[in-house]
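For reference, run.cif (mmCIF, C-alpha atoms):
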data_structure
#
loop_
_atom_site.label_atom_id
_atom_site.label_comp_id
_atom_site.auth_asym_id
_atom_site.auth_seq_id
_atom_site.Cartn_x
_atom_site.Cartn_y
_atom_site.Cartn_z
CA MET A 125 15.79 45.88 -3.61
CA ASN A 126 16.92 49.13 -1.99
CA LYS A 127 15.96 50.56 1.36
CA THR A 128 13.23 52.89 0.12
CA ASP A 129 11.56 49.96 -1.61
CA ARG A 130 11.58 47.95 1.57
CA ARG A 131 10.05 50.73 3.59
CA ARG A 132 7.08 51.00 1.25
CA VAL A 133 5.39 48.12 2.98
CA SER A 134 5.10 48.51 6.74
CA GLY A 135 5.95 45.76 9.20
CA PRO A 136 2.46 45.26 10.63
CA LEU A 137 1.08 44.94 7.11
CA ILE A 138 3.56 42.18 6.30
CA TRP A 139 2.73 40.38 9.55
CA ALA A 140 -0.98 40.65 8.85
CA ALA A 141 -0.50 39.33 5.32
CA LEU A 142 1.60 36.42 6.55
CA LEU A 143 -0.89 35.48 9.25
CA ILE A 144 -3.82 35.64 6.83
CA ALA A 145 -1.91 33.62 4.23
CA VAL A 146 -1.39 30.84 6.75
CA ALA A 147 -4.64 31.13 8.73
CA VAL A 148 -6.95 30.92 5.71
CA PRO A 149 -5.78 27.49 4.48
CA ILE A 150 -5.79 26.13 8.03
CA THR A 151 -9.32 27.44 8.62
CA ALA A 152 -10.48 26.03 5.29
CA ALA A 153 -8.99 22.65 6.20
CA ALA A 154 -10.81 22.77 9.54
CA PHE A 155 -14.07 22.54 7.58
CA SER A 156 -13.00 19.47 5.62
CA PRO A 157 -15.63 16.70 5.62
CA LEU A 158 -12.81 14.16 5.90
CA LEU A 159 -12.27 15.18 9.53
CA ALA A 160 -15.51 13.45 10.51
CA TRP A 161 -13.99 10.09 9.63
CA ARG A 162 -10.61 10.52 11.25
CA GLU A 163 -9.29 9.81 14.71
CA PRO A 164 -7.89 12.74 16.75
CA ILE A 165 -4.28 11.63 16.29
CA TYR A 166 -4.73 11.51 12.51
CA ILE A 167 -6.31 14.99 12.57
CA ILE A 168 -3.46 16.36 14.68
CA ALA A 169 -0.91 14.81 12.32
CA GLY A 170 -2.64 16.37 9.32
CA PHE A 171 -2.83 19.85 10.82
CA ALA A 172 0.79 19.65 11.98
CA GLY A 173 1.62 19.16 8.31
CA ILE A 174 -0.49 22.14 7.22
CA LEU A 175 1.08 24.29 9.95
CA GLY A 176 4.52 23.22 8.77
CA MET A 177 3.59 24.26 5.24
CA GLY A 178 2.47 27.64 6.60
CA LEU A 179 5.70 28.12 8.57
CA LEU A 180 7.61 27.61 5.32
CA LEU A 181 6.20 30.99 4.25
CA PHE A 182 7.68 32.77 7.27
CA GLN A 183 11.20 31.43 6.87
CA PRO A 184 12.26 33.13 3.64
CA ILE A 185 10.67 36.43 4.76
CA LEU A 186 12.68 36.31 7.99
CA ALA A 187 15.85 35.08 6.30
CA GLY A 188 15.66 37.93 3.80
CA GLY A 189 15.12 40.53 6.53
CA TYR A 190 12.03 41.86 4.81
CA ILE A 191 10.23 43.24 7.86
CA PRO A 192 11.23 46.92 8.17
CA GLU A 193 10.74 47.48 11.90
CA LEU A 194 12.65 44.33 12.84
CA SER A 195 16.40 44.34 13.43
CA THR A 196 18.65 41.84 11.68
CA ARG A 197 19.24 40.17 15.03
CA SER A 198 15.50 39.81 15.65
CA HIS A 199 15.01 38.48 12.14
CA ARG A 200 17.61 35.79 12.78
CA ARG A 201 16.20 34.90 16.20
CA LEU A 202 12.70 34.58 14.80
CA HIS A 203 14.03 32.56 11.86
CA ARG A 204 15.53 30.09 14.37
CA TRP A 205 12.34 29.92 16.41
CA VAL A 206 10.15 29.35 13.42
CA GLY A 207 12.64 26.80 12.13
CA SER A 208 12.53 24.90 15.43
CA THR A 209 8.73 24.94 15.36
CA LEU A 210 8.81 23.71 11.78
CA VAL A 211 10.99 20.73 12.73
CA LEU A 212 8.65 20.01 15.63
CA ALA A 213 5.63 20.21 13.30
CA VAL A 214 7.26 17.71 10.91
CA VAL A 215 7.99 15.35 13.81
CA VAL A 216 4.37 15.56 15.00
CA HIS A 217 3.14 15.11 11.40
CA VAL A 218 5.17 11.98 10.74
CA GLY A 219 4.77 10.63 14.30
CA GLY A 220 1.00 11.08 14.19
CA LEU A 221 0.76 9.36 10.84
CA TRP A 222 2.94 6.55 12.18
CA ILE A 223 0.49 5.99 15.03
CA THR A 224 -2.45 6.13 12.59
CA SER A 225 -1.02 3.61 10.12
CA PRO A 226 2.50 2.28 10.83
CA PRO A 227 2.95 0.23 7.63
CA ASP A 228 2.11 3.18 5.37
CA VAL A 229 4.63 5.44 7.11
CA LEU A 230 7.26 2.70 7.15
CA ASP A 231 6.78 2.26 3.38
CA ALA A 232 7.18 6.00 2.91
CA LEU A 233 10.34 6.20 5.04
CA LEU A 234 11.86 3.27 3.15
CA PHE A 235 10.95 4.85 -0.23
CA ARG A 236 8.79 1.88 -1.22
CA SER A 237 5.42 3.56 -0.84
CA ALA A 238 2.57 3.10 -3.31
CA THR A 239 2.13 6.86 -3.43
CA SER A 240 4.66 9.22 -4.99
CA PHE A 241 3.74 12.13 -2.75
CA SER A 242 5.02 10.33 0.31
CA VAL A 243 8.44 10.07 -1.34
CA TRP A 244 8.46 13.86 -1.76
CA GLY A 245 7.30 14.27 1.81
CA VAL A 246 10.15 12.14 3.09
CA ILE A 247 12.69 13.98 0.92
CA ALA A 248 11.38 17.28 2.31
CA MET A 249 11.57 15.88 5.86
CA TRP A 250 15.23 14.89 5.57
CA ALA A 251 16.03 18.18 3.84
CA VAL A 252 14.44 20.23 6.64
CA PHE A 253 16.23 18.13 9.25
CA GLY A 254 19.47 18.73 7.36
CA ALA A 255 18.84 22.46 7.14
CA ALA A 256 18.15 22.54 10.88
CA LEU A 257 21.33 20.57 11.56
CA PHE A 258 23.28 23.08 9.49
CA ALA A 259 21.77 25.86 11.58
CA LEU A 260 22.71 24.12 14.83
CA THR A 261 26.28 23.47 13.77
CA LEU A 262 26.95 26.88 12.29
CA ARG A 263 29.84 27.62 14.66
CA ARG A 264 31.03 24.10 15.29
CA LEU A 265 31.46 23.17 11.66
CA ARG A 266 33.84 26.15 11.07
CA LEU A 267 32.75 26.21 7.45
CA LYS A 268 33.31 29.17 5.25
CA TRP A 269 30.30 31.44 5.40
CA TRP A 270 29.30 30.92 1.77
CA VAL A 271 29.62 27.16 2.07
CA TRP A 272 27.42 27.14 5.09
CA ARG A 273 24.83 29.41 3.50
CA LEU A 274 24.78 27.48 0.27
CA GLY A 275 24.32 24.22 2.19
CA HIS A 276 21.54 25.60 4.35
CA THR A 277 19.69 27.31 1.51
CA SER A 278 20.03 24.31 -0.80
CA LEU A 279 18.47 22.07 1.81
CA ALA A 280 15.81 24.71 2.45
CA ALA A 281 15.04 24.88 -1.27
CA ILE A 282 14.74 21.08 -1.45
CA THR A 283 12.43 21.22 1.57
CA VAL A 284 10.19 23.75 -0.13
CA VAL A 285 10.06 22.04 -3.52
CA GLY A 286 9.56 18.61 -1.93
CA THR A 287 6.82 19.94 0.33
CA ILE A 288 4.98 21.68 -2.50
CA ILE A 289 4.93 18.56 -4.67
CA HIS A 290 3.95 16.48 -1.60
CA VAL A 291 1.09 18.82 -0.78
CA LEU A 292 -0.23 19.25 -4.32
CA LEU A 293 -0.44 15.49 -4.97
CA ILE A 294 -2.30 14.72 -1.77
CA GLU A 295 -6.05 14.48 -1.50
CA GLY A 296 -6.43 15.44 2.12
CA THR A 297 -8.10 17.94 4.39
CA MET A 298 -6.64 21.03 2.68
CA GLU A 299 -9.10 22.86 0.45
CA PRO A 300 -7.71 22.90 -3.14
CA VAL A 301 -7.74 26.65 -3.91
CA THR A 302 -6.19 27.80 -0.62
CA LYS A 303 -3.69 24.96 -0.89
CA VAL A 304 -2.48 26.05 -4.33
CA LEU A 305 -2.36 29.72 -3.28
CA LEU A 306 -0.23 28.90 -0.25
CA CYS A 307 2.10 26.82 -2.42
CA ILE A 308 2.50 29.72 -4.86
CA LEU A 309 3.22 32.18 -2.02
CA VAL A 310 5.82 29.89 -0.43
CA PHE A 311 7.51 29.24 -3.76
CA ALA A 312 7.55 32.96 -4.64
CA ALA A 313 8.92 33.97 -1.22
CA VAL A 314 11.72 31.39 -1.36
CA GLY A 315 12.56 32.28 -4.94
CA LYS A 316 12.72 35.96 -4.04
CA VAL A 317 15.02 35.52 -1.06
CA LEU A 318 17.38 33.19 -2.91
CA ILE A 319 17.72 35.75 -5.69
CA ASP A 320 17.93 38.76 -3.36
CA LEU A 321 20.65 37.19 -1.24
CA ARG A 322 22.47 35.84 -4.27
CA VAL A 323 23.23 32.65 -2.40
CA TRP A 324 25.30 31.34 -5.28
CA THR A 325 27.56 34.33 -5.94
CA THR A 326 30.47 33.49 -3.64
CA GLN A 327 30.67 30.02 -5.09
CA THR A 328 30.83 31.40 -8.59
CA ARG A 329 33.63 33.81 -7.67
CA ARG A 330 35.46 31.00 -5.96
CA LYS A 331 35.16 28.76 -8.99
CA LEU A 332 36.42 31.51 -11.26
CA LYS A 333 39.47 32.03 -9.06
CA SER A 334 40.51 28.39 -9.08
CA MET B 1259 8.84 -34.86 -35.80
CA ASP B 1260 7.41 -38.38 -35.56
CA ARG B 1261 6.01 -37.67 -32.12
CA ALA B 1262 5.02 -34.17 -32.98
CA ALA B 1263 2.13 -32.69 -31.15
CA LEU B 1264 -0.62 -32.15 -33.53
CA ALA B 1265 -4.08 -30.74 -33.46
CA VAL B 1266 -6.21 -27.77 -34.08
CA SER B 1267 -9.69 -27.53 -32.79
CA ARG B 1268 -12.37 -25.04 -32.10
CA ASP B 1269 -13.44 -27.04 -29.09
CA HIS B 1270 -11.46 -26.12 -26.01
CA GLU B 1271 -12.21 -29.28 -24.04
CA SER B 1272 -11.59 -31.68 -26.89
CA VAL B 1273 -8.27 -30.01 -27.54
CA LYS B 1274 -7.32 -30.63 -23.97
CA ASP B 1275 -8.21 -34.27 -24.42
CA VAL B 1276 -6.27 -34.56 -27.63
CA TYR B 1277 -3.31 -32.86 -26.14
CA ARG B 1278 -3.19 -34.66 -22.88
CA GLY B 1279 0.24 -36.16 -23.12
CA LEU B 1280 1.98 -33.83 -25.50
CA GLU B 1281 5.39 -32.37 -24.97
CA LEU B 1282 4.31 -28.87 -25.91
CA PRO B 1283 4.00 -25.55 -24.21
CA TYR B 1284 0.60 -24.11 -23.66
CA LEU B 1285 -0.45 -21.64 -26.28
CA VAL B 1286 -3.65 -19.81 -27.01
CA VAL B 1287 -3.86 -18.12 -30.37
CA HIS B 1288 -6.37 -15.32 -30.39
CA SER B 1289 -8.35 -14.89 -33.54
CA SER B 1290 -10.96 -12.33 -34.32
CA SER B 1291 -13.87 -14.72 -34.06
CA ARG B 1292 -12.90 -17.10 -31.27
CA ASP B 1293 -9.95 -18.78 -29.66
CA PHE B 1294 -8.05 -21.56 -31.32
CA THR B 1295 -6.36 -23.62 -28.73
CA VAL B 1296 -3.21 -25.34 -29.79
CA GLY B 1297 -1.09 -27.50 -27.59
CA GLY B 1298 -1.64 -28.65 -24.06
CA ARG B 1299 -0.07 -29.48 -20.76
CA SER B 1300 3.28 -31.18 -20.90
CA ARG B 1301 3.47 -34.95 -20.71
CA ARG B 1302 5.80 -37.37 -22.42
CA ARG B 1303 3.59 -38.93 -25.00
CA PHE B 1304 0.06 -39.75 -26.02
CA GLU B 1305 -1.59 -41.85 -23.39
CA GLY B 1306 -2.99 -44.04 -26.12
CA GLY B 1307 0.46 -44.84 -27.42
CA GLU B 1308 2.96 -43.19 -29.65
CA VAL B 1309 2.09 -41.68 -32.95
CA ASN B 1310 4.01 -43.41 -35.63
CA MET B 1311 4.03 -41.30 -38.75
CA SER B 1312 5.58 -43.98 -40.96
CA LYS B 1313 2.81 -46.47 -40.29
CA ASN B 1314 -0.17 -44.17 -40.05
CA ALA B 1315 -1.89 -42.97 -43.10
CA LEU B 1316 -1.52 -39.30 -43.80
CA THR B 1317 -4.84 -37.78 -42.80
CA ARG B 1318 -5.86 -34.19 -43.25
CA ARG B 1319 -5.68 -33.81 -39.50
CA THR B 1320 -2.09 -34.95 -39.26
CA VAL B 1321 -0.98 -32.74 -42.10
CA LEU B 1322 -2.64 -29.73 -40.61
CA ALA B 1323 -1.41 -30.51 -37.15
CA THR B 1324 2.14 -31.15 -38.28
CA GLY B 1325 2.20 -27.76 -39.88
CA VAL B 1326 0.87 -26.12 -36.76
CA ALA B 1327 3.30 -28.01 -34.58
CA ALA B 1328 6.19 -26.96 -36.76
CA VAL B 1329 5.14 -23.34 -36.51
CA MET B 1330 4.67 -23.73 -32.80
CA THR B 1331 8.07 -25.24 -32.23
CA GLY B 1332 9.60 -22.20 -33.81
CA ALA B 1333 7.30 -19.84 -32.02
CA SER B 1334 7.81 -21.40 -28.62
CA GLY B 1335 11.56 -21.27 -29.12
CA LEU B 1336 11.39 -17.57 -29.83
CA LEU B 1337 8.79 -16.70 -27.24
CA VAL B 1338 10.16 -18.21 -24.04
CA PRO B 1339 8.44 -18.64 -21.72
CA ALA B 1340 5.49 -19.87 -23.70
CA ARG B 1341 3.27 -18.90 -20.78
CA ALA B 1342 3.72 -15.26 -21.76
CA ASN B 1343 1.25 -15.97 -24.53
CA GLY B 1344 -1.40 -16.60 -21.90
CA LEU B 1345 -2.80 -14.39 -19.15
CA ALA B 1346 -0.04 -13.14 -16.85
CA PRO B 1347 -0.64 -13.42 -13.10
CA THR B 1348 -1.51 -10.23 -11.19
CA ARG B 1349 1.39 -8.95 -9.16
CA THR B 1350 1.00 -7.74 -5.60
CA MET B 1351 0.79 -3.94 -5.51
CA ARG B 1352 2.99 -1.76 -3.36
CA GLY B 1353 1.39 -1.17 0.01
CA GLY B 1354 -1.34 -3.69 -0.84
CA ALA B 1355 -0.81 -5.69 2.34
CA ASN B 1356 -0.80 -2.66 4.65
CA ASN B 1357 -3.09 -3.05 7.66
CA TYR B 1358 -4.03 -6.58 6.55
CA LEU B 1359 -5.78 -8.66 9.20
CA PRO B 1360 -5.64 -12.31 8.07
CA ASN B 1361 -8.77 -14.45 7.92
CA ALA B 1362 -11.40 -11.76 7.67
CA PRO B 1363 -14.81 -13.44 8.05
CA ILE B 1364 -17.07 -13.97 5.04
CA VAL B 1365 -19.83 -11.40 5.44
CA GLU B 1366 -23.05 -10.36 3.72
CA ARG B 1367 -21.67 -6.80 3.67
CA ILE B 1368 -19.20 -4.73 5.64
CA GLY B 1369 -20.98 -2.32 8.00
CA GLY B 1370 -23.88 -0.30 6.63
CA GLY B 1371 -22.92 -0.59 2.98
CA GLY B 1372 -23.63 1.91 0.20
CA PHE B 1373 -20.38 1.29 -1.70
CA TRP B 1374 -19.57 -1.69 -3.93
CA MET B 1375 -16.26 -3.42 -4.29
CA THR B 1376 -16.36 -5.58 -7.41
CA GLY B 1377 -13.93 -7.73 -9.32
CA THR B 1378 -13.03 -10.98 -11.02
CA VAL B 1379 -10.76 -13.89 -10.20
CA ARG B 1380 -9.19 -15.90 -13.03
CA ARG B 1381 -6.45 -18.44 -13.41
CA ALA B 1382 -3.15 -17.35 -14.93
CA GLY B 1383 -2.42 -18.73 -18.40
CA ASP B 1384 -5.81 -19.78 -19.70
CA GLY B 1385 -7.87 -17.17 -17.86
CA THR B 1386 -10.41 -19.68 -16.56
CA PRO B 1387 -12.80 -17.97 -14.11
CA LEU B 1388 -12.30 -19.34 -10.61
CA PRO B 1389 -15.48 -19.87 -8.58
CA GLY B 1390 -15.58 -20.10 -4.79
CA GLN B 1391 -12.39 -18.12 -4.17
CA ARG B 1392 -12.21 -16.08 -0.97
CA ILE B 1393 -11.32 -12.41 -1.48
CA GLN B 1394 -10.63 -10.28 1.60
CA ILE B 1395 -11.43 -6.57 1.48
CA TRP B 1396 -10.64 -3.62 3.74
CA ALA B 1397 -10.41 0.17 3.47
CA HIS B 1398 -10.65 3.45 5.31
CA THR B 1399 -14.36 4.20 5.14
CA THR B 1400 -16.94 6.47 6.69
CA GLU B 1401 -17.28 3.84 9.39
CA GLY B 1402 -13.71 3.22 10.38
CA HIS B 1403 -9.98 3.08 9.78
CA GLU B 1404 -8.15 0.38 7.84
CA ARG B 1405 -6.82 -1.05 11.08
CA ASP B 1406 -10.28 -1.49 12.63
CA ALA B 1407 -11.45 -5.11 12.50
CA HIS B 1408 -14.95 -3.99 11.51
CA SER B 1409 -13.52 -2.41 8.35
CA HIS B 1410 -12.53 -5.88 7.13
CA GLY B 1411 -14.64 -8.53 5.42
CA ALA B 1412 -14.43 -11.31 2.87
CA THR B 1413 -16.59 -12.71 0.08
CA LEU B 1414 -16.53 -15.65 -2.34
CA THR B 1415 -16.48 -15.54 -6.12
CA ASP B 1416 -19.55 -16.86 -7.94
CA ALA B 1417 -19.68 -19.45 -10.73
CA ASN B 1418 -18.30 -16.87 -13.20
CA GLY B 1419 -15.36 -16.03 -10.94
CA GLU B 1420 -16.91 -12.66 -10.10
CA PHE B 1421 -17.28 -11.10 -6.69
CA ARG B 1422 -19.02 -8.04 -5.27
CA LEU B 1423 -19.20 -6.96 -1.67
CA GLU B 1424 -21.12 -4.03 -0.27
CA MET B 1425 -19.24 -1.88 2.21
CA PRO B 1426 -19.29 1.68 3.61
CA GLN B 1427 -18.16 4.57 1.38
CA ILE B 1428 -14.37 4.65 0.99
CA VAL B 1429 -12.92 8.05 1.94
CA PRO B 1430 -9.46 9.42 1.13
CA ALA B 1431 -6.87 8.31 3.67
CA PHE B 1432 -3.14 8.85 3.54
CA GLY B 1433 -3.66 11.11 0.59
CA GLN B 1434 -5.66 8.80 -1.70
CA ALA B 1435 -9.09 7.23 -1.81
CA HIS B 1436 -8.10 3.58 -2.12
CA GLY B 1437 -9.14 0.08 -1.16
CA HIS B 1438 -7.29 -3.09 -0.24
CA LEU B 1439 -8.00 -6.61 -1.49
CA ALA B 1440 -6.26 -9.86 -0.76
CA TYR B 1441 -6.29 -13.37 -2.12
CA ASP B 1442 -4.57 -15.29 0.67
CA SER B 1443 -5.72 -18.92 0.60
CA GLU B 1444 -4.15 -22.28 -0.17
CA ASP B 1445 -4.59 -23.02 -3.85
CA PHE B 1446 -2.93 -20.03 -5.48
CA LYS B 1447 -0.09 -17.65 -4.80
CA THR B 1448 -1.02 -14.83 -2.42
CA VAL B 1449 -1.81 -11.49 -4.06
CA PHE B 1450 -2.48 -8.12 -2.39
CA LEU B 1451 -4.07 -5.30 -4.39
CA ARG B 1452 -4.44 -1.61 -3.61
CA PRO B 1453 -6.65 -0.02 -6.29
CA VAL B 1454 -7.07 3.76 -6.24
CA MET B 1455 -10.41 5.41 -6.95
CA ALA B 1456 -10.45 7.74 -9.98
CA SER B 1457 -12.55 10.12 -7.91
CA SER B 1458 -13.21 10.04 -4.18
CA SER B 1459 -16.92 10.53 -4.94
CA ASP B 1460 -17.07 7.17 -6.76
CA THR B 1461 -19.34 4.61 -5.15
CA THR B 1462 -17.70 1.54 -6.68
CA LEU B 1463 -14.18 0.21 -7.04
CA HIS B 1464 -13.08 -2.68 -9.23
CA ALA B 1465 -10.14 -5.06 -8.94
CA ASP B 1466 -9.18 -8.09 -11.03
CA PHE B 1467 -7.14 -11.03 -9.82
CA VAL B 1468 -5.23 -13.40 -12.10
CA LEU B 1469 -3.88 -16.10 -9.84
CA LEU B 1470 -0.94 -18.43 -10.23
CA PRO B 1471 -1.47 -21.99 -8.96
CA VAL B 1472 0.91 -22.90 -6.14
#
Produce structure tokens that represent the structure in this file.
Amino acid sequence: MNKTDRRRVSGPLIWAALLIAVAVPITAAAFSPLLAWREPIYIIAGFAGILGMGLLLFQPILAGGYIPELSTRSHRRLHRWVGSTLVLAVVVHVGGLWITSPPDVLDALLFRSATSFSVWGVIAMWAVFGAALFALTLRRLRLKWWVWRLGHTSLAAITVVGTIIHVLLIEGTMEPVTKVLLCILVFAAVGKVLIDLRVWTTQTRRKLKS
Amino acid sequence: MDRAALAVSRDHESVKDVYRGLELPYLVVHSSSRDFTVGGRSRRRFEGGEVNMSKNALTRRTVLATGVAAVMTGASGLLVPARANGLAPTRTMRGGANNYLPNAPIVERIGGGGFWMTGTVRRAGDGTPLPGQRIQIWAHTTEGHERDAHSHGATLTDANGEFRLEMPQIVPAFGQAHGHLAYDSEDFKTVFLRPVMASSSDTTLHADFVLLPV
């Protein structure tokens, strides 16, 4: 994508689209009849999960630098902030579910759950924690730039795929249509940024050299 | 083959009598019309004394039974354990015991009702219905969480080994509309089930227990 292409869509429009894309599923979930039969902590845990799913849409947009009026530096700073919030949302999600039903969460964490979606959720959780750890140790690890980026983006990709499968298999408060649409948007955004940034290219060149 | 276990009968009970004392594995042969029961519980010999083929006259029964026993010896050698021919015990499901509160009281119904949990309880091997067995039931319903004591209740199986307990509507929790059932009493091995509803709008859920004697 060249610069003129990027400028076609204005920054505020992208922000508005992102906010709508995340706000609509959350609003739809807020009308779920299931909420009537859940305790507050369970409701909070559920919405923390939905928010986390929504934040997954912001990350590739920020990582790719797709917002015209925003500097690269601001993109990166926002990417870190959203990433931190995402980790926090996952912690609240899992913690809240733990309080609601400890044995179910323990089963999920130990990969012996009756439900396959919890396995995907736990995979996504560890992947997002790993991606965050990569981000924190960017300077300390002294890795080559392409190694670092490949590690971070691989974990991010696992997070996204794991989350999407997790979300699609669950019968929860999310309304089905808005849930699927959000999944498609997140998947498309991540796919686009991975291709645009050619996260694999350096590795390929390296392999060819050796 | 002089002490061979021999008999074929259409009468289940009489077969048991005949076979009391035979060194043979249990085997039920399913036919299209009805069950032929061959063999019985293991004991050393006939209680009435040993069968002596050389002295006894060759009756139609002994000929027939010898043939069956011969076939069975081969079959039981190939199909070890012989019990596999019978009804296999139900295995505890993953997550079945989650949020279990032991000794749920036997109740007329759990809460306000409107939803039916149904099922059967049979004995492993021969599939005999087991009356009077206590089945404990709990779920996340419109009236409470799985962990709430008032979401738990128990019922007894009737003469046909069937049970049904009315309870509040089960609603999806932890991503699935599911119920929990437990057999956790003295006579049989403990089993925990976690059936999932095909649709969360269903108003019944069914679970079958096949129990293994302790």
Can you work out which residues from chain B touch chain A at a cut-off of 8 Å (counting all atoms listed in the file) and hand them back as a count of residues only?
18
Could you tell me which residues the PyMOL selection byres ((chain A and resi 210) around 10) grabs in this file, written as an NGL selection string?
:A and (172-173 or 175-180 or 183 or 204-209 or 211-216 or 252-253 or 256)
So which residues get picked by the PyMOL selection byres ((chain A and resi 302) around 10) here, written as a PyMOL selection string?
chain A and resi 145-146+148-153+298-301+303-308
Written as a ChimeraX atom specification, what is the full residue list that the PyMOL selection byres ((chain B and resi 1441-1454) around 9) yields on the file shown?
/A:238 /B:1348-1355,1360-1361,1381,1391-1394,1434-1440,1455-1457,1463-1472
Could those residues be written to a file, using C-alpha atoms, as a PDB file, in the frame of the given file?
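File produced: again_34.pdb:
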ATOM      1  CA  ALA A 238       2.570   3.100  -3.310  1.00  0.00           C
TER       2      ALA A 238
ATOM      3  CA  THR B1348      -1.510 -10.230 -11.190  1.00  0.00           C
ATOM      4  CA  ARG B1349       1.390  -8.950  -9.160  1.00  0.00           C
ATOM      5  CA  THR B1350       1.000  -7.740  -5.600  1.00  0.00           C
ATOM      6  CA  MET B1351       0.790  -3.940  -5.510  1.00  0.00           C
ATOM      7  CA  ARG B1352       2.990  -1.760  -3.360  1.00  0.00           C
ATOM      8  CA  GLY B1353       1.390  -1.170   0.010  1.00  0.00           C
ATOM      9  CA  GLY B1354      -1.340  -3.690  -0.840  1.00  0.00           C
ATOM     10  CA  ALA B1355      -0.810  -5.690   2.340  1.00  0.00           C
ATOM     11  CA  PRO B1360      -5.640 -12.310   8.070  1.00  0.00           C
ATOM     12  CA  ASN B1361      -8.770 -14.450   7.920  1.00  0.00           C
ATOM     13  CA  ARG B1381      -6.450 -18.440 -13.410  1.00  0.00           C
ATOM     14  CA  GLN B1391     -12.390 -18.120  -4.170  1.00  0.00           C
ATOM     15  CA  ARG B1392     -12.210 -16.080  -0.970  1.00  0.00           C
ATOM     16  CA  ILE B1393     -11.320 -12.410  -1.480  1.00  0.00           C
ATOM     17  CA  GLN B1394     -10.630 -10.280   1.600  1.00  0.00           C
ATOM     18  CA  GLN B1434      -5.660   8.800  -1.700  1.00  0.00           C
ATOM     19  CA  ALA B1435      -9.090   7.230  -1.810  1.00  0.00           C
ATOM     20  CA  HIS B1436      -8.100   3.580  -2.120  1.00  0.00           C
ATOM     21  CA  GLY B1437      -9.140   0.080  -1.160  1.00  0.00           C
ATOM     22  CA  HIS B1438      -7.290  -3.090  -0.240  1.00  0.00           C
ATOM     23  CA  LEU B1439      -8.000  -6.610  -1.490  1.00  0.00           C
ATOM     24  CA  ALA B1440      -6.260  -9.860  -0.760  1.00  0.00           C
ATOM     25  CA  MET B1455     -10.410   5.410  -6.950  1.00  0.00           C
ATOM     26  CA  ALA B1456     -10.450   7.740  -9.980  1.00  0.00           C
ATOM     27  CA  SER B1457     -12.550  10.120  -7.910  1.00  0.00           C
ATOM     28  CA  LEU B1463     -14.180   0.210  -7.040  1.00  0.00           C
ATOM     29  CA  HIS B1464     -13.080  -2.680  -9.230  1.00  0.00           C
ATOM     30  CA  ALA B1465     -10.140  -5.060  -8.940  1.00  0.00           C
ATOM     31  CA  ASP B1466      -9.180  -8.090 -11.030  1.00  0.00           C
ATOM     32  CA  PHE B1467      -7.140 -11.030  -9.820  1.00  0.00           C
ATOM     33  CA  VAL B1468      -5.230 -13.400 -12.100  1.00  0.00           C
ATOM     34  CA  LEU B1469      -3.880 -16.100  -9.840  1.00  0.00           C
ATOM     35  CA  LEU B1470      -0.940 -18.430 -10.230  1.00  0.00           C
ATOM     36  CA  PRO B1471      -1.470 -21.990  -8.960  1.00  0.00           C
ATOM     37  CA  VAL B1472       0.910 -22.900  -6.140  1.00  0.00           C
TER      38      VAL B1472
END
State, in Å with one decimal place, the distance from atom CA of A:Phe235 to atom CA of A:Pro184.
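That distance, rounded to one decimal, is 28.6 Å.
Note that the spacing between atom CA of A:His199 and atom CA of A:Ala147 amounts to 21.3 Å.
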Restricting the calculation to all atoms listed in the file: of A:Ile168, A:Ile223, A:Leu279, A:Ile289, which residue gets closest to A:Ser240?
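That would be A:Ile289, the residue with the smallest distance to A:Ser240.
For the pair atom CA of A:Leu274 and atom CA of A:Gly315, the separation is 14.1 Å.
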